[in-house]
Every structure is written in C-alpha cells, then in structure tokens.
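> Just dropping this structure here.
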Amino acid sequence: MTRFAGSLVIVSILLAGCAARELLDPRDGTVPAGVDFSGNWLIQDGSRENDRRIRDAIRRTDGIKDDEIFSGSERQSTTRGSRSKSGYRGGLVFVFLETGKSLKITQTPDGLFISFDRSVVEEFRFGENRSISIGEVEAQRVTGWEGQQLVVDTLDKNNMMMTERLQMLDDGRVLERKITFRSKEGDTETIVQMFDRAN
C-alpha cells in the first residue's frame, strides 16, 4: 500500500468516526395558544418511587454493562474523577436531569424556568439549539413544541439521549412529565411523573 493510499484509509476512518456523531434538528419555538405551565406543582404519591426507576432506566441505557463498572479501567477512571472524559465509553446525558417533589414553574414568552424543590433552577428556552455543559460533560440541547407538549432533547457526545416532555392534563390541574432515556443503540426507557397543581 502506498503512503497516499494509507493516508486515504486513515482519513476515511476518521471521517467515519465523525459521521457517527448524531446531531439534533431544531424544534418549533412558537408557544401554542393558551399553554402556560406557570404555577406550583406537587408530585403525586404514585410517582414517589420514580427515583429508583430513574436510576434503573439510566443503568439500562447508558451503554455500560454492570460488570464493566467495576473493571480495572473503569474503576481507575472513576477514582481519578475522570469518568466524564472522552475515555468514558458510556452515555452521560443523565447528569443534566433534575428532579424534585415540588416544582415552581415560571413561563415567559421566550422560555420556561423550573425550580426543583426550591433549590435548583433549570432554564429551557423555546426554540433553542445550543451546547450545554456540566464540568467536562457536554451535550446538545434542543427545546421546542410538538402540539401542546414542550419537548426538551439532550444528546451527549456518546449518542445517549434524554427527552423530557411536559404537558398539562385534566384542564390544567395535572402536569405530566415524561422522561425517556435512549441508548446509542436505540433502546429506550421511559419514566412518567405526575404533578398536581398546588395553587
């Protein structure tokens, strides 16, 4: 094989690796008429077990087998605090998930602010398509509307995706939050949280 042919092979491999990175398409940023999530919301009793279910869903979709978590290389990288670096083979999109028993939602013409248990505030801008990060973990976030649902897609560099869907039910007295984790292979796990309006 000539040096030129060898270079072509290397370039082709690099391009194939780059092409494997998924990108999200923008969503509609126009707020549907009459849809306003603003208010205080309390989680229903039936949703209180969701923390465990969320952990199980993440474990099944992060792309790491249970027996690999405690293997030598994974244990060393965890000990050094570098699980979030590019060497980590699994998905890390779940670090962007916030949960709480009570939500305070403020909606403006441009976006949504959610306070989880009066401690963490998350901002979602309607029509956004941007990069977000926590520490060394980076992801693409796209937020917009599908009918009456607000949809937030968050995709990490290992193609693990988290989709959050918010919609109001029962004439605005109930808020449904669906959280779907999708592995890079396409396997999905969905958790549903239900909240009652508190005011």
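To be explicit about the labels: the chains of the structure tokens are called A, B, and onward in the order shown, and within each one the residues are counted from 1, while ligands get numbers from 1 in the order they are shown.
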Would you list, as a list in words, the residues of region 35-195 of chain A that end up in alpha helix (DSSP H) under DSSP run on this structure's backbone?

Asn50, Asp51, Arg52, Arg53, Ile54, Arg55, Asp56, Ala57, Ile58, Arg59, Arg60, Thr61, Asp66, Asp67, Glu68, Ile69, Gly72, Ser73, Glu74, Arg75, Gln76, Ser77, Thr78 and Thr79 of chain A

> If you count only C-alpha atoms, which residues fall within 7 Å of Pro26 (chain A), apart from same-chain ones fewer than 5 positions away, as number ranges by chain?

A: 127, 129, 142

> Take the residues just selected and output them with N, CA, C and O atoms as a PDB file, in the first residue's frame.


```
ATOM      1  N   GLY A 127     -37.293  27.045  21.296  1.00  0.00           N
ATOM      2  CA  GLY A 127     -36.593  27.120  20.015  1.00  0.00           C
ATOM      3  C   GLY A 127     -35.083  27.036  20.116  1.00  0.00           C
ATOM      4  O   GLY A 127     -34.391  27.157  19.110  1.00  0.00           O
ATOM      5  N   ASN A 129     -31.262  25.722  20.375  1.00  0.00           N
ATOM      6  CA  ASN A 129     -30.436  24.648  19.829  1.00  0.00           C
ATOM      7  C   ASN A 129     -29.008  25.037  20.190  1.00  0.00           C
ATOM      8  O   ASN A 129     -28.369  25.794  19.485  1.00  0.00           O
ATOM      9  N   VAL A 142     -31.920  20.799  22.535  1.00  0.00           N
ATOM     10  CA  VAL A 142     -32.916  21.374  21.629  1.00  0.00           C
ATOM     11  C   VAL A 142     -34.247  21.399  22.372  1.00  0.00           C
ATOM     12  O   VAL A 142     -34.666  20.384  22.939  1.00  0.00           O
TER      13      VAL A 142
END
```

> Restricting the calculation to only C-alpha atoms, which member of A:Leu24, A:Pro109, A:Gly29, A:Met168 is positioned closest to Ser131 (chain A)?

A:Leu24

> Using only C-alpha atoms, which protein or nucleic acid residues come within 12 Å of Val31 (chain A)? Drop anything in the same chain fewer than 4 positions from it, and give the result as a ChimeraX atom specification.

/A:27,35-37,107-112,125-127,143-151

> Can you list every residue in region 121-196 of chain A that DSSP puts in strand (DSSP E), as an NGL selection string?

:A and (121-125 or 129-134 or 137-146 or 149-156 or 161-169 or 174-182 or 188-196)

> At a cut-off of 8 Å, using only C-alpha atoms, what residues contact region 48-62 of chain A? Leave out same-chain residues fewer than 5 positions from it and give the result as a PDB file with N, CA and C atoms, in the first residue's frame.


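Just written: selection_16.pdb:
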```pdb
ATOM      1  N   ILE A  43     -45.660  16.566  43.417  1.00  0.00           N
ATOM      2  CA  ILE A  43     -45.661  15.235  42.823  1.00  0.00           C
ATOM      3  C   ILE A  43     -46.738  14.368  43.468  1.00  0.00           C
ATOM      4  N   GLY A  90     -19.530   5.050  28.041  1.00  0.00           N
ATOM      5  CA  GLY A  90     -20.980   5.124  28.169  1.00  0.00           C
ATOM      6  C   GLY A  90     -21.522   6.523  28.010  1.00  0.00           C
ATOM      7  N   GLY A  91     -22.857   6.610  28.027  1.00  0.00           N
ATOM      8  CA  GLY A  91     -23.509   7.899  27.935  1.00  0.00           C
ATOM      9  C   GLY A  91     -23.562   8.578  29.291  1.00  0.00           C
ATOM     10  N   LEU A  92     -23.518   9.901  29.264  1.00  0.00           N
ATOM     11  CA  LEU A  92     -23.531  10.680  30.495  1.00  0.00           C
ATOM     12  C   LEU A  92     -24.617  11.750  30.484  1.00  0.00           C
ATOM     13  N   PHE A  94     -27.490  11.805  31.486  1.00  0.00           N
ATOM     14  CA  PHE A  94     -28.329  11.844  32.682  1.00  0.00           C
ATOM     15  C   PHE A  94     -27.842  12.862  33.712  1.00  0.00           C
ATOM     16  N   LYS A 101     -39.675  16.828  44.245  1.00  0.00           N
ATOM     17  CA  LYS A 101     -41.042  16.524  44.675  1.00  0.00           C
ATOM     18  C   LYS A 101     -41.974  17.709  44.440  1.00  0.00           C
ATOM     19  N   MET A 160     -26.038   9.088  23.671  1.00  0.00           N
ATOM     20  CA  MET A 160     -27.122   8.778  24.610  1.00  0.00           C
ATOM     21  C   MET A 160     -28.003  10.021  24.671  1.00  0.00           C
ATOM     22  N   PHE A 181     -35.023   7.913  28.333  1.00  0.00           N
ATOM     23  CA  PHE A 181     -33.598   7.735  28.086  1.00  0.00           C
ATOM     24  C   PHE A 181     -33.450   6.809  26.883  1.00  0.00           C
ATOM     25  N   ARG A 182     -32.602   7.210  25.941  1.00  0.00           N
ATOM     26  CA  ARG A 182     -32.356   6.381  24.757  1.00  0.00           C
ATOM     27  C   ARG A 182     -30.870   6.089  24.650  1.00  0.00           C
ATOM     28  N   SER A 183     -30.541   4.809  24.591  1.00  0.00           N
ATOM     29  CA  SER A 183     -29.136   4.431  24.453  1.00  0.00           C
ATOM     30  C   SER A 183     -28.672   4.707  23.026  1.00  0.00           C
ATOM     31  N   LYS A 184     -27.362   4.653  22.822  1.00  0.00           N
ATOM     32  CA  LYS A 184     -26.838   4.891  21.474  1.00  0.00           C
ATOM     33  C   LYS A 184     -27.271   3.786  20.516  1.00  0.00           C
ATOM     34  N   ASP A 187     -32.177   1.619  22.311  1.00  0.00           N
ATOM     35  CA  ASP A 187     -33.049   1.092  23.367  1.00  0.00           C
ATOM     36  C   ASP A 187     -33.563   2.257  24.212  1.00  0.00           C
ATOM     37  N   THR A 188     -34.839   2.183  24.615  1.00  0.00           N
ATOM     38  CA  THR A 188     -35.425   3.290  25.372  1.00  0.00           C
ATOM     39  C   THR A 188     -36.054   2.814  26.679  1.00  0.00           C
ATOM     40  N   GLU A 189     -36.038   3.701  27.652  1.00  0.00           N
ATOM     41  CA  GLU A 189     -36.702   3.504  28.934  1.00  0.00           C
ATOM     42  C   GLU A 189     -37.409   4.812  29.269  1.00  0.00           C
ATOM     43  N   THR A 190     -38.693   4.744  29.635  1.00  0.00           N
ATOM     44  CA  THR A 190     -39.474   5.947  29.909  1.00  0.00           C
ATOM     45  C   THR A 190     -40.021   5.927  31.332  1.00  0.00           C
ATOM     46  N   ILE A 191     -39.871   7.054  32.011  1.00  0.00           N
ATOM     47  CA  ILE A 191     -40.411   7.260  33.348  1.00  0.00           C
ATOM     48  C   ILE A 191     -41.456   8.368  33.261  1.00  0.00           C
ATOM     49  N   VAL A 192     -42.603   8.182  33.909  1.00  0.00           N
ATOM     50  CA  VAL A 192     -43.656   9.202  33.905  1.00  0.00           C
ATOM     51  C   VAL A 192     -43.839   9.724  35.319  1.00  0.00           C
ATOM     52  N   GLN A 193     -43.780  11.040  35.466  1.00  0.00           N
ATOM     53  CA  GLN A 193     -44.036  11.692  36.739  1.00  0.00           C
ATOM     54  C   GLN A 193     -45.316  12.537  36.601  1.00  0.00           C
TER      55      GLN A 193
END
```

> Which residues, written as a VMD selection string, have at least one atom at most 12 Å from Ile132 (chain A), with only C-alpha atoms counted and residues fewer than 2 positions away on the same chain left out?

chain A and resid 93 95 to 96 122 to 124 128 to 130 134 to 142 153 to 157

> If you measure from CA of Asp196 (chain A) to CA of Asp171 (chain A), what distance in Å do you get, rounded to one decimal?

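Spanning CA of Asp196 (chain A) to CA of Asp171 (chain A) is a straight-line distance of 11.5 Å.
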
> To one decimal place in Å, what is the distance between CA of Ala33 (chain A) and CA of Leu97 (chain A)?

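Separation of CA of Ala33 (chain A) and CA of Leu97 (chain A): 27.7 Å.
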
> Using Å and a single decimal, report how far CA of Val121 (chain A) sits from CA of Glu164 (chain A).

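Computing the Euclidean distance for CA of Glu164 (chain A) and CA of Val121 (chain A) yields 15.7 Å.
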